[in-house]
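Raw entry-v1.txt, compact mmCIF, C-alpha atoms:
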```
# COMPACT_ATOMS: atom_id res chain seq x y z
CA MET A 23 28.76 -58.47 -59.02
CA LYS A 24 29.52 -54.76 -59.38
CA THR A 25 26.06 -54.19 -60.89
CA THR A 26 24.36 -55.96 -57.94
CA VAL A 27 26.17 -53.77 -55.39
CA ILE A 28 25.11 -50.59 -57.21
CA VAL A 29 21.46 -51.73 -57.25
CA LEU A 30 21.52 -52.53 -53.51
CA ILE A 31 23.01 -49.11 -52.68
CA ALA A 32 20.37 -47.35 -54.82
CA MET A 33 17.55 -49.27 -53.09
CA THR A 34 18.96 -48.40 -49.65
CA ILE A 35 19.04 -44.67 -50.49
CA LEU A 36 15.49 -44.81 -51.87
CA LEU A 37 14.10 -46.56 -48.79
CA THR A 38 15.88 -44.13 -46.45
CA ALA A 39 14.42 -41.15 -48.33
CA CYS A 40 10.92 -42.63 -48.19
CA GLY A 41 11.13 -43.08 -44.43
CA THR A 42 12.37 -39.55 -43.65
CA GLN A 43 10.26 -36.37 -43.77
CA PRO A 44 11.95 -33.28 -45.23
CA THR A 45 12.97 -30.66 -42.69
CA LYS A 46 10.93 -27.43 -42.89
CA HIS A 47 12.38 -24.04 -42.01
CA ASP A 48 10.80 -20.91 -40.68
CA MET A 49 11.29 -17.37 -42.03
CA MET A 50 14.60 -17.10 -40.18
CA GLY A 51 15.93 -20.32 -41.73
CA MET A 52 15.61 -22.32 -38.50
CA PRO A 53 14.26 -25.90 -38.52
CA MET A 54 10.55 -26.29 -37.72
CA THR A 55 8.90 -29.25 -36.02
CA THR A 56 6.10 -30.77 -38.08
CA THR A 57 3.06 -31.78 -36.03
CA SER A 58 0.40 -34.13 -37.32
CA PRO A 59 -3.20 -32.82 -37.35
CA SER A 60 -4.26 -35.42 -34.76
CA THR A 61 -2.02 -33.83 -32.09
CA HIS A 62 -3.05 -30.21 -32.80
CA VAL A 63 -4.80 -28.40 -29.95
CA HIS A 64 -7.01 -25.46 -30.93
CA GLN A 65 -7.40 -22.92 -28.15
CA ASN A 66 -10.66 -20.97 -28.10
CA ASP A 67 -9.11 -17.54 -27.42
CA ALA A 68 -11.19 -14.37 -27.46
CA ILE A 69 -10.44 -11.76 -30.12
CA ALA A 70 -11.73 -8.18 -29.94
CA HIS A 71 -12.54 -6.46 -33.24
CA PHE A 72 -12.65 -2.66 -32.87
CA SER A 73 -14.57 -0.27 -35.09
CA VAL A 74 -14.61 3.50 -34.74
CA ALA A 75 -17.22 5.39 -36.79
CA SER A 76 -16.74 9.15 -37.08
CA LYS A 77 -17.70 11.52 -39.91
CA GLN A 78 -14.30 13.10 -40.42
CA TYR A 79 -12.36 11.80 -37.40
CA LEU A 80 -12.02 15.31 -35.99
CA PRO A 81 -11.49 16.41 -32.37
CA ASN A 82 -14.61 16.75 -30.20
CA GLU A 83 -16.71 15.04 -32.85
CA ASP A 84 -19.09 12.26 -31.80
CA ALA A 85 -17.44 8.92 -32.47
CA SER A 86 -19.19 5.57 -32.15
CA VAL A 87 -16.93 2.82 -30.85
CA THR A 88 -17.96 -0.79 -31.39
CA ILE A 89 -16.13 -3.78 -29.95
CA LEU A 90 -17.10 -7.22 -31.22
CA ILE A 91 -15.76 -10.19 -29.24
CA GLN A 92 -15.33 -13.39 -31.25
CA ASP A 93 -13.48 -16.68 -30.97
CA LYS A 94 -10.86 -18.00 -33.41
CA TRP A 95 -13.61 -19.31 -35.67
CA ASN A 96 -15.17 -15.81 -35.93
CA LYS A 97 -18.16 -16.89 -33.86
CA PRO A 98 -19.47 -14.32 -31.35
CA ILE A 99 -18.71 -14.89 -27.70
CA ASP A 100 -21.91 -13.90 -25.92
CA LYS A 101 -21.28 -14.73 -22.27
CA PHE A 102 -19.07 -12.61 -20.02
CA ASP A 103 -18.31 -12.50 -16.32
CA ILE A 104 -18.91 -9.26 -14.45
CA MET A 105 -15.66 -7.56 -13.42
CA HIS A 106 -16.19 -4.77 -10.90
CA GLU A 107 -19.83 -4.20 -11.80
CA LYS A 108 -19.19 -4.06 -15.57
CA LEU A 109 -18.89 -6.57 -18.41
CA LEU A 110 -16.20 -4.55 -20.20
CA HIS A 111 -13.88 -1.71 -19.22
CA LEU A 112 -12.58 0.51 -22.02
CA ILE A 113 -9.52 2.66 -21.37
CA VAL A 114 -8.73 5.43 -23.89
CA VAL A 115 -5.31 7.10 -23.79
CA SER A 116 -3.43 9.45 -26.11
CA LYS A 117 -0.06 8.35 -27.44
CA ASP A 118 1.83 10.61 -25.02
CA LEU A 119 -0.47 9.49 -22.15
CA THR A 120 -1.59 13.03 -21.33
CA TYR A 121 -5.23 12.08 -22.03
CA PHE A 122 -6.99 9.32 -20.08
CA ASP A 123 -10.60 8.13 -19.99
CA HIS A 124 -12.23 5.08 -18.40
CA LEU A 125 -15.46 4.09 -20.18
CA HIS A 126 -17.98 1.27 -19.97
CA PRO A 127 -19.60 0.37 -23.30
CA GLU A 128 -23.12 -1.04 -23.33
CA TYR A 129 -23.50 -4.72 -24.13
CA VAL A 130 -26.07 -5.10 -26.91
CA GLY A 131 -25.76 -8.88 -27.30
CA GLY A 132 -24.04 -11.23 -29.68
CA GLY A 133 -20.61 -10.31 -28.31
CA ARG A 134 -21.02 -6.64 -29.26
CA PHE A 135 -20.36 -3.58 -27.08
CA ASP A 136 -21.20 0.00 -28.16
CA ILE A 137 -20.37 3.44 -26.80
CA LYS A 138 -20.13 7.03 -28.03
CA THR A 139 -17.22 9.24 -27.06
CA LYS A 140 -15.17 12.23 -28.21
CA PHE A 141 -11.44 12.59 -28.71
CA PRO A 142 -10.10 15.94 -27.44
CA ALA A 143 -7.44 16.62 -30.10
CA GLY A 144 -5.88 15.26 -33.26
CA GLY A 145 -3.35 12.45 -32.95
CA ASN A 146 -3.11 8.77 -32.11
CA TYR A 147 -5.15 7.14 -29.36
CA GLN A 148 -5.03 3.64 -27.96
CA LEU A 149 -8.24 1.82 -27.06
CA ILE A 150 -7.75 -0.85 -24.39
CA ALA A 151 -10.59 -3.32 -23.75
CA ASP A 152 -10.48 -5.29 -20.49
CA PHE A 153 -13.07 -8.09 -20.12
CA ILE A 154 -13.63 -11.69 -18.99
CA PRO A 155 -15.22 -14.11 -21.49
CA GLN A 156 -16.93 -16.78 -19.44
CA GLY A 157 -14.50 -19.55 -18.59
CA MET A 158 -11.49 -17.89 -20.27
CA GLY A 159 -10.07 -15.53 -17.66
CA GLU A 160 -9.32 -11.81 -17.92
CA THR A 161 -8.54 -10.69 -21.47
CA ILE A 162 -6.96 -7.42 -22.64
CA GLN A 163 -7.14 -6.33 -26.28
CA THR A 164 -5.90 -3.04 -27.80
CA HIS A 165 -6.45 -0.96 -30.92
CA TRP A 166 -4.98 2.31 -32.24
CA VAL A 167 -7.11 5.02 -33.89
CA THR A 168 -5.96 8.23 -35.57
CA ILE A 169 -7.93 11.45 -35.18
CA ASN A 170 -7.42 14.17 -37.79
CA GLY A 171 -7.10 17.88 -37.08
CA GLN A 172 -4.69 19.92 -35.05
CA GLN A 173 -2.55 17.96 -32.66
CA LYS A 174 -1.41 19.26 -29.30
CA LYS A 175 2.32 19.31 -28.72
CA GLU A 176 3.42 15.88 -27.56
CA GLU A 177 4.80 15.92 -24.03
CA LYS A 178 7.77 13.82 -22.98
CA LEU A 179 6.93 11.49 -20.13
CA LEU A 180 9.22 12.25 -17.19
CA PRO A 181 9.10 10.63 -13.73
CA ASP A 182 7.63 12.81 -11.00
CA THR A 183 10.16 14.13 -8.51
CA ASN A 184 7.42 14.53 -5.88
CA LEU A 185 4.85 11.77 -5.32
CA THR A 186 2.45 14.06 -3.46
CA LYS A 187 -0.09 15.81 -5.66
CA ARG A 188 -3.21 17.89 -5.32
CA VAL A 189 -6.34 17.28 -7.36
CA GLY A 190 -9.30 19.50 -6.52
CA ASP A 191 -9.64 19.62 -2.75
CA LYS A 192 -7.70 16.35 -2.26
CA GLU A 193 -4.02 15.80 -1.56
CA VAL A 194 -2.73 12.34 -2.47
CA THR A 195 0.63 10.74 -1.67
CA LEU A 196 1.76 7.66 -3.58
CA SER A 197 4.27 5.25 -2.02
CA PHE A 198 5.80 1.82 -2.70
CA ASP A 199 7.65 -0.66 -0.56
CA HIS A 200 10.14 -0.95 -3.46
CA LEU A 201 10.14 -0.39 -7.22
CA MET A 202 11.31 -3.33 -9.29
CA ALA A 203 9.87 -5.07 -12.33
CA GLY A 204 8.87 -8.71 -12.43
CA MET A 205 7.61 -9.01 -8.85
CA ASP A 206 4.62 -8.07 -6.71
CA LEU A 207 4.91 -4.60 -5.15
CA LYS A 208 2.96 -2.97 -2.37
CA MET A 209 1.54 0.36 -3.52
CA ASN A 210 -0.40 2.81 -1.36
CA PHE A 211 -2.41 6.00 -1.97
CA ALA A 212 -2.76 8.16 1.17
CA ILE A 213 -5.66 10.57 0.68
CA ARG A 214 -6.33 13.63 2.81
CA SER A 215 -7.89 17.08 2.60
CA ALA A 216 -5.69 19.55 0.76
CA GLU A 217 -6.87 22.38 3.02
CA THR A 218 -6.94 20.86 6.49
CA LYS A 219 -4.49 17.97 5.86
CA LYS A 220 -6.91 15.72 7.75
CA PRO A 221 -7.17 12.12 6.49
CA ILE A 222 -10.26 11.35 4.42
CA THR A 223 -11.94 8.32 5.94
CA ASP A 224 -15.25 8.29 4.06
CA LEU A 225 -14.23 7.30 0.54
CA GLN A 226 -17.08 5.65 -1.36
CA PRO A 227 -16.93 2.46 -3.42
CA TYR A 228 -16.22 3.12 -7.09
CA LEU A 229 -17.44 0.32 -9.36
CA GLY A 230 -17.70 -2.02 -6.41
CA SER A 231 -14.25 -1.27 -5.04
CA LEU A 232 -12.39 1.29 -2.94
CA GLY A 233 -10.61 2.38 -6.09
CA HIS A 234 -9.03 1.38 -9.38
CA VAL A 235 -5.50 1.79 -10.69
CA VAL A 236 -4.39 1.70 -14.32
CA ALA A 237 -0.70 1.79 -15.23
CA ILE A 238 0.65 2.07 -18.80
CA SER A 239 4.28 2.06 -19.92
CA SER A 240 5.70 5.04 -21.81
CA ASP A 241 5.71 3.05 -25.08
CA ALA A 242 2.07 2.01 -24.46
CA LYS A 243 2.99 -1.68 -24.74
CA GLU A 244 2.47 -2.67 -21.10
CA PHE A 245 -0.92 -2.33 -19.40
CA VAL A 246 -1.76 -3.07 -15.77
CA HIS A 247 -5.21 -2.79 -14.15
CA VAL A 248 -5.44 -3.56 -10.42
CA HIS A 249 -7.88 -3.18 -7.54
CA PRO A 250 -7.39 -2.62 -3.79
CA ASN A 251 -6.35 -5.36 -1.40
CA ASP A 252 -9.29 -4.44 0.85
CA SER A 253 -12.38 -3.37 -1.07
CA GLN A 254 -14.34 -2.74 2.15
CA ASP A 255 -12.00 -0.04 3.43
CA SER A 256 -12.96 3.65 3.19
CA GLY A 257 -9.62 5.43 3.50
CA PRO A 258 -7.49 7.31 4.11
CA ASP A 259 -5.17 4.61 2.74
CA ALA A 260 -5.89 2.61 -0.40
CA ALA A 261 -3.45 -0.30 -0.62
CA PHE A 262 -2.84 -2.24 -3.82
CA THR A 263 -0.60 -5.06 -5.00
CA ILE A 264 0.83 -4.32 -8.43
CA HIS A 265 3.19 -6.17 -10.79
CA PHE A 266 5.10 -4.26 -13.45
CA PRO A 267 6.07 -6.72 -16.21
CA LYS A 268 9.08 -4.73 -17.43
CA SER A 269 11.34 -1.97 -16.19
CA GLY A 270 10.87 1.54 -17.56
CA ILE A 271 8.69 4.62 -17.13
CA TYR A 272 4.99 4.16 -16.36
CA LYS A 273 2.11 6.53 -15.90
CA ILE A 274 -0.33 5.59 -13.16
CA TRP A 275 -3.90 6.78 -12.73
CA GLY A 276 -5.58 6.24 -9.38
CA GLN A 277 -9.39 6.49 -9.51
CA PHE A 278 -11.46 7.04 -6.38
CA GLN A 279 -14.85 8.41 -5.32
CA HIS A 280 -15.70 10.85 -2.54
CA GLN A 281 -18.98 12.63 -1.84
CA ASN A 282 -20.46 11.14 -5.05
CA GLU A 283 -17.69 12.54 -7.25
CA VAL A 284 -15.01 10.48 -8.98
CA PHE A 285 -11.54 11.98 -8.94
CA ILE A 286 -8.47 10.77 -10.83
CA ILE A 287 -4.91 11.35 -9.68
CA PRO A 288 -2.01 10.71 -12.12
CA PHE A 289 1.60 9.91 -11.31
CA VAL A 290 4.64 9.12 -13.45
CA ILE A 291 7.20 6.71 -12.00
CA LYS A 292 10.35 4.90 -13.08
CA VAL A 293 10.39 1.17 -12.31
```
Show this structure as structure tokens.
Amino acid sequence: MKTTVIVLIAMTILLTACGTQPTKHDMMGMPMTTTSPSTHVHQNDAIAHFSVASKQYLPNEDASVTILIQDKWNKPIDKFDIMHEKLLHLIVVSKDLTYFDHLHPEYVGGGRFDIKTKFPAGGNYQLIADFIPQGMGETIQTHWVTINGQQKKEEKLLPDTNLTKRVGDKEVTLSFDHLMAGMDLKMNFAIRSAETKKPITDLQPYLGSLGHVVAISSDAKEFVHVHPNDSQDSGPDAAFTIHFPKSGIYKIWGQFQHQNEVFIIPFVIKV
């Protein structure tokens, strides 16, 4: 009788073990949920592969930048939607955000974009590609590159105490309805003549819009690219709706065109 009970208990344990999958743990020791292959959904996300070719990676040396857009299976994505007259916008900024450039690489086919540029000094630069693969929505991909040679002294990013600045013959005032992260804000650039103080009412479209605004956080982890609420306006006000994902210090570059010349006005704000 005792032997029979032992055998039944052993069989019960064996059957229970066979019907239960072992619990897997992640790198932090937490339980993981096991999903069968039949329920797996593979998203066809776009991935940007950056390549920078330069002889010695020195300042003011010609550098060829190539951006190859592929899907998760390493197959080229070859169809893109036009976003403000261009298939891809490339923003180049130095680590301390003192240097800014807005470029538009040429599409050569097969998901590949090429452009030549120069980096002004030694140091680290972030390349930010902004594009829309057909049917996938706006996509932003980044890459860091290091340029050899003498580096300029890194400047600490401090919020501006005065949000009125002069650039060339323009005077620009930046204003917000409020400054808080995680919500839509109303942002306005008021543009007038620096000499006469008269409002400028004949701004020209720049890349199909009244203007463009790029905002980057001080740690270069947050990137925002917005366009005016009214693209048909011509000044003196350029109104935008902007959403800062996190609180902190941001540098903003407003880009506009007047009398066939593009001018860029930077501001540093604390959100």
Can you tell me, as a PyMOL selection string, what residues are no more than 9 Å from Gln277 in chain A when counting only C-alpha atoms, ignoring any on the same chain fewer than 6 positions away? chain A and resi 228+232-236+284-288
How about saving the chosen residues, C-alpha atoms kept, as an mmCIF file, in the frame of the given file?
```
data_model
loop_
_atom_site.group_PDB
_atom_site.id
_atom_site.type_symbol
_atom_site.label_atom_id
_atom_site.label_comp_id
_atom_site.auth_asym_id
_atom_site.auth_seq_id
_atom_site.Cartn_x
_atom_site.Cartn_y
_atom_site.Cartn_z
ATOM 1 C CA TYR A 228 -16.220 3.120 -7.090
ATOM 2 C CA LEU A 232 -12.390 1.290 -2.940
ATOM 3 C CA GLY A 233 -10.610 2.380 -6.090
ATOM 4 C CA HIS A 234 -9.030 1.380 -9.380
ATOM 5 C CA VAL A 235 -5.500 1.790 -10.690
ATOM 6 C CA VAL A 236 -4.390 1.700 -14.320
ATOM 7 C CA VAL A 284 -15.010 10.480 -8.980
ATOM 8 C CA PHE A 285 -11.540 11.980 -8.940
ATOM 9 C CA ILE A 286 -8.470 10.770 -10.830
ATOM 10 C CA ILE A 287 -4.910 11.350 -9.680
ATOM 11 C CA PRO A 288 -2.010 10.710 -12.120
#
```
_Quick one: residues within 9 Å of Ile104 in chain A, all atoms listed in the file, excluding same-chain residues fewer than 4 positions away - as a count of residues only?_
5
If we count all atoms listed in the file and set the cut-off at 8 Å, which residues sit around Gly270 in chain A, ignoring sequence neighbours fewer than 6 positions away in its own chain? Please answer as a PyMOL selection string.
chain A and resi 239-240+292-293
Give me a file of those residues, with C-alpha atoms, as an mmCIF file, in the frame of the given file.
```
data_model
loop_
_atom_site.group_PDB
_atom_site.id
_atom_site.type_symbol
_atom_site.label_atom_id
_atom_site.label_comp_id
_atom_site.auth_asym_id
_atom_site.auth_seq_id
_atom_site.Cartn_x
_atom_site.Cartn_y
_atom_site.Cartn_z
ATOM 1 C CA SER A 239 4.280 2.060 -19.920
ATOM 2 C CA SER A 240 5.700 5.040 -21.810
ATOM 3 C CA LYS A 292 10.350 4.900 -13.080
ATOM 4 C CA VAL A 293 10.390 1.170 -12.310
#
```
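Compared by their closest atoms to Ser76 in chain A, and using only C-alpha atoms, the residues A:Lys192, A:Arg134, A:His265, A:Lys140 rank with A:Lys140 nearest.
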Can you build me a table of range 154-182 of chain A residues sitting at most 12 Å from range 241-257 of chain A, with the closest atom pair per residue and its distance in Å to one decimal, using all atoms listed in the file, sorted by chain and residue number, as CSV?
```
residue,atom,partner,partner_atom,distance
A:Glu160,CA,A:His247,CA,10.6
A:Thr161,CA,A:His247,CA,11.3
A:Ile162,CA,A:Phe245,CA,8.5
A:Gln163,CA,A:Phe245,CA,10.1
A:Thr164,CA,A:Lys243,CA,9.5
A:His165,CA,A:Ala242,CA,11.1
A:Trp166,CA,A:Ala242,CA,10.5
A:Lys178,CA,A:Asp241,CA,11.2
A:Leu179,CA,A:Asp241,CA,9.9
```
Do a neighbour search on Ile91 in chain A at 9 Å with only C-alpha atoms, toss out local chain neighbours closer than 5 positions, and write the hits as a list in words.
-> Ala68, Ile69, Ala70, His71, Phe72, Asn96, Lys97, Pro98, Ile99, Asp100, Gly132, Gly133, Arg134, Phe135 and Pro155 of chain A
Note to self: Show me, as number ranges by chain, the residues that have an atom within 9 Å of range 112-114 of chain A when counting all atoms listed in the file, minus same-chain residues fewer than 2 positions from it.
What the structure shows: A: 110, 116, 121-127, 147-153, 236
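You can rank A:Ala75, A:Val115, A:Leu90, A:Met158 by their closest distance to Glu128 in chain A using all atoms listed in the file, and at the top of that list sits A:Leu90.
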From CA of His280 in chain A to CA of Pro142 in chain A the spacing works out at 26.0 Å
Taken to one decimal, the CA of Ser231 in chain A-CA of Thr218 in chain A distance is 26.0 Å
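Residue nearest Ala212 in chain A, chosen from A:Glu177, A:Phe278, A:Gln226, A:Phe141 and counting all atoms listed in the file: A:Phe278.
CA of Asp93 in chain A lies 5.7 Å from CA of Asp67 in chain A.
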Take the point (0.4, 12.5, -0.8) in the file's coordinates, draw a sphere of radius 10 Å around it, and report as a PyMOL selection string every protein, DNA or RNA residue with an atom inside or on it, counting only C-alpha atoms. chain A and resi 184-188+192-197+210-214+216+219
Can you rebuild range 267-281 of chain A with N, CA, C and O atoms and give it as a compact mmCIF listing (two decimals), in the coordinates of the input?
```txt
# COMPACT_ATOMS: atom_id res chain seq x y z
N PRO A 267 5.43 -5.64 -15.46
CA PRO A 267 6.07 -6.72 -16.21
C PRO A 267 7.48 -6.42 -16.68
O PRO A 267 8.30 -7.31 -16.81
N LYS A 268 7.77 -5.12 -16.95
CA LYS A 268 9.08 -4.73 -17.43
C LYS A 268 9.53 -3.43 -16.76
O LYS A 268 8.70 -2.65 -16.30
N SER A 269 10.83 -3.22 -16.74
CA SER A 269 11.34 -1.97 -16.19
C SER A 269 11.07 -0.83 -17.19
O SER A 269 10.83 -1.07 -18.37
N GLY A 270 11.12 0.40 -16.70
CA GLY A 270 10.87 1.54 -17.56
C GLY A 270 10.02 2.59 -16.87
O GLY A 270 9.80 2.54 -15.66
N ILE A 271 9.54 3.55 -17.65
CA ILE A 271 8.69 4.62 -17.13
C ILE A 271 7.22 4.27 -17.35
O ILE A 271 6.84 3.85 -18.44
N TYR A 272 6.43 4.44 -16.30
CA TYR A 272 4.99 4.16 -16.36
C TYR A 272 4.21 5.39 -15.88
O TYR A 272 4.67 6.12 -15.00
N LYS A 273 3.04 5.55 -16.46
CA LYS A 273 2.11 6.53 -15.90
C LYS A 273 0.99 5.77 -15.20
O LYS A 273 0.45 4.80 -15.73
N ILE A 274 0.67 6.24 -14.00
CA ILE A 274 -0.33 5.59 -13.16
C ILE A 274 -1.49 6.54 -12.94
O ILE A 274 -1.29 7.74 -12.68
N TRP A 275 -2.70 6.02 -13.05
CA TRP A 275 -3.90 6.78 -12.73
C TRP A 275 -4.64 6.07 -11.60
O TRP A 275 -5.10 4.94 -11.76
N GLY A 276 -4.76 6.76 -10.46
CA GLY A 276 -5.58 6.24 -9.38
C GLY A 276 -6.97 6.85 -9.46
O GLY A 276 -7.11 8.07 -9.62
N GLN A 277 -7.99 6.02 -9.35
CA GLN A 277 -9.39 6.49 -9.51
C GLN A 277 -10.17 6.16 -8.24
O GLN A 277 -10.25 5.00 -7.83
N PHE A 278 -10.75 7.20 -7.64
CA PHE A 278 -11.46 7.04 -6.38
C PHE A 278 -12.74 7.88 -6.40
O PHE A 278 -12.93 8.72 -7.30
N GLN A 279 -13.60 7.66 -5.40
CA GLN A 279 -14.85 8.41 -5.32
C GLN A 279 -15.05 8.93 -3.91
O GLN A 279 -14.87 8.21 -2.92
N HIS A 280 -15.44 10.23 -3.83
CA HIS A 280 -15.70 10.85 -2.54
C HIS A 280 -16.84 11.84 -2.69
O HIS A 280 -16.85 12.65 -3.62
N GLN A 281 -17.81 11.75 -1.81
CA GLN A 281 -18.98 12.63 -1.84
C GLN A 281 -19.63 12.62 -3.23
O GLN A 281 -19.95 13.65 -3.80
```
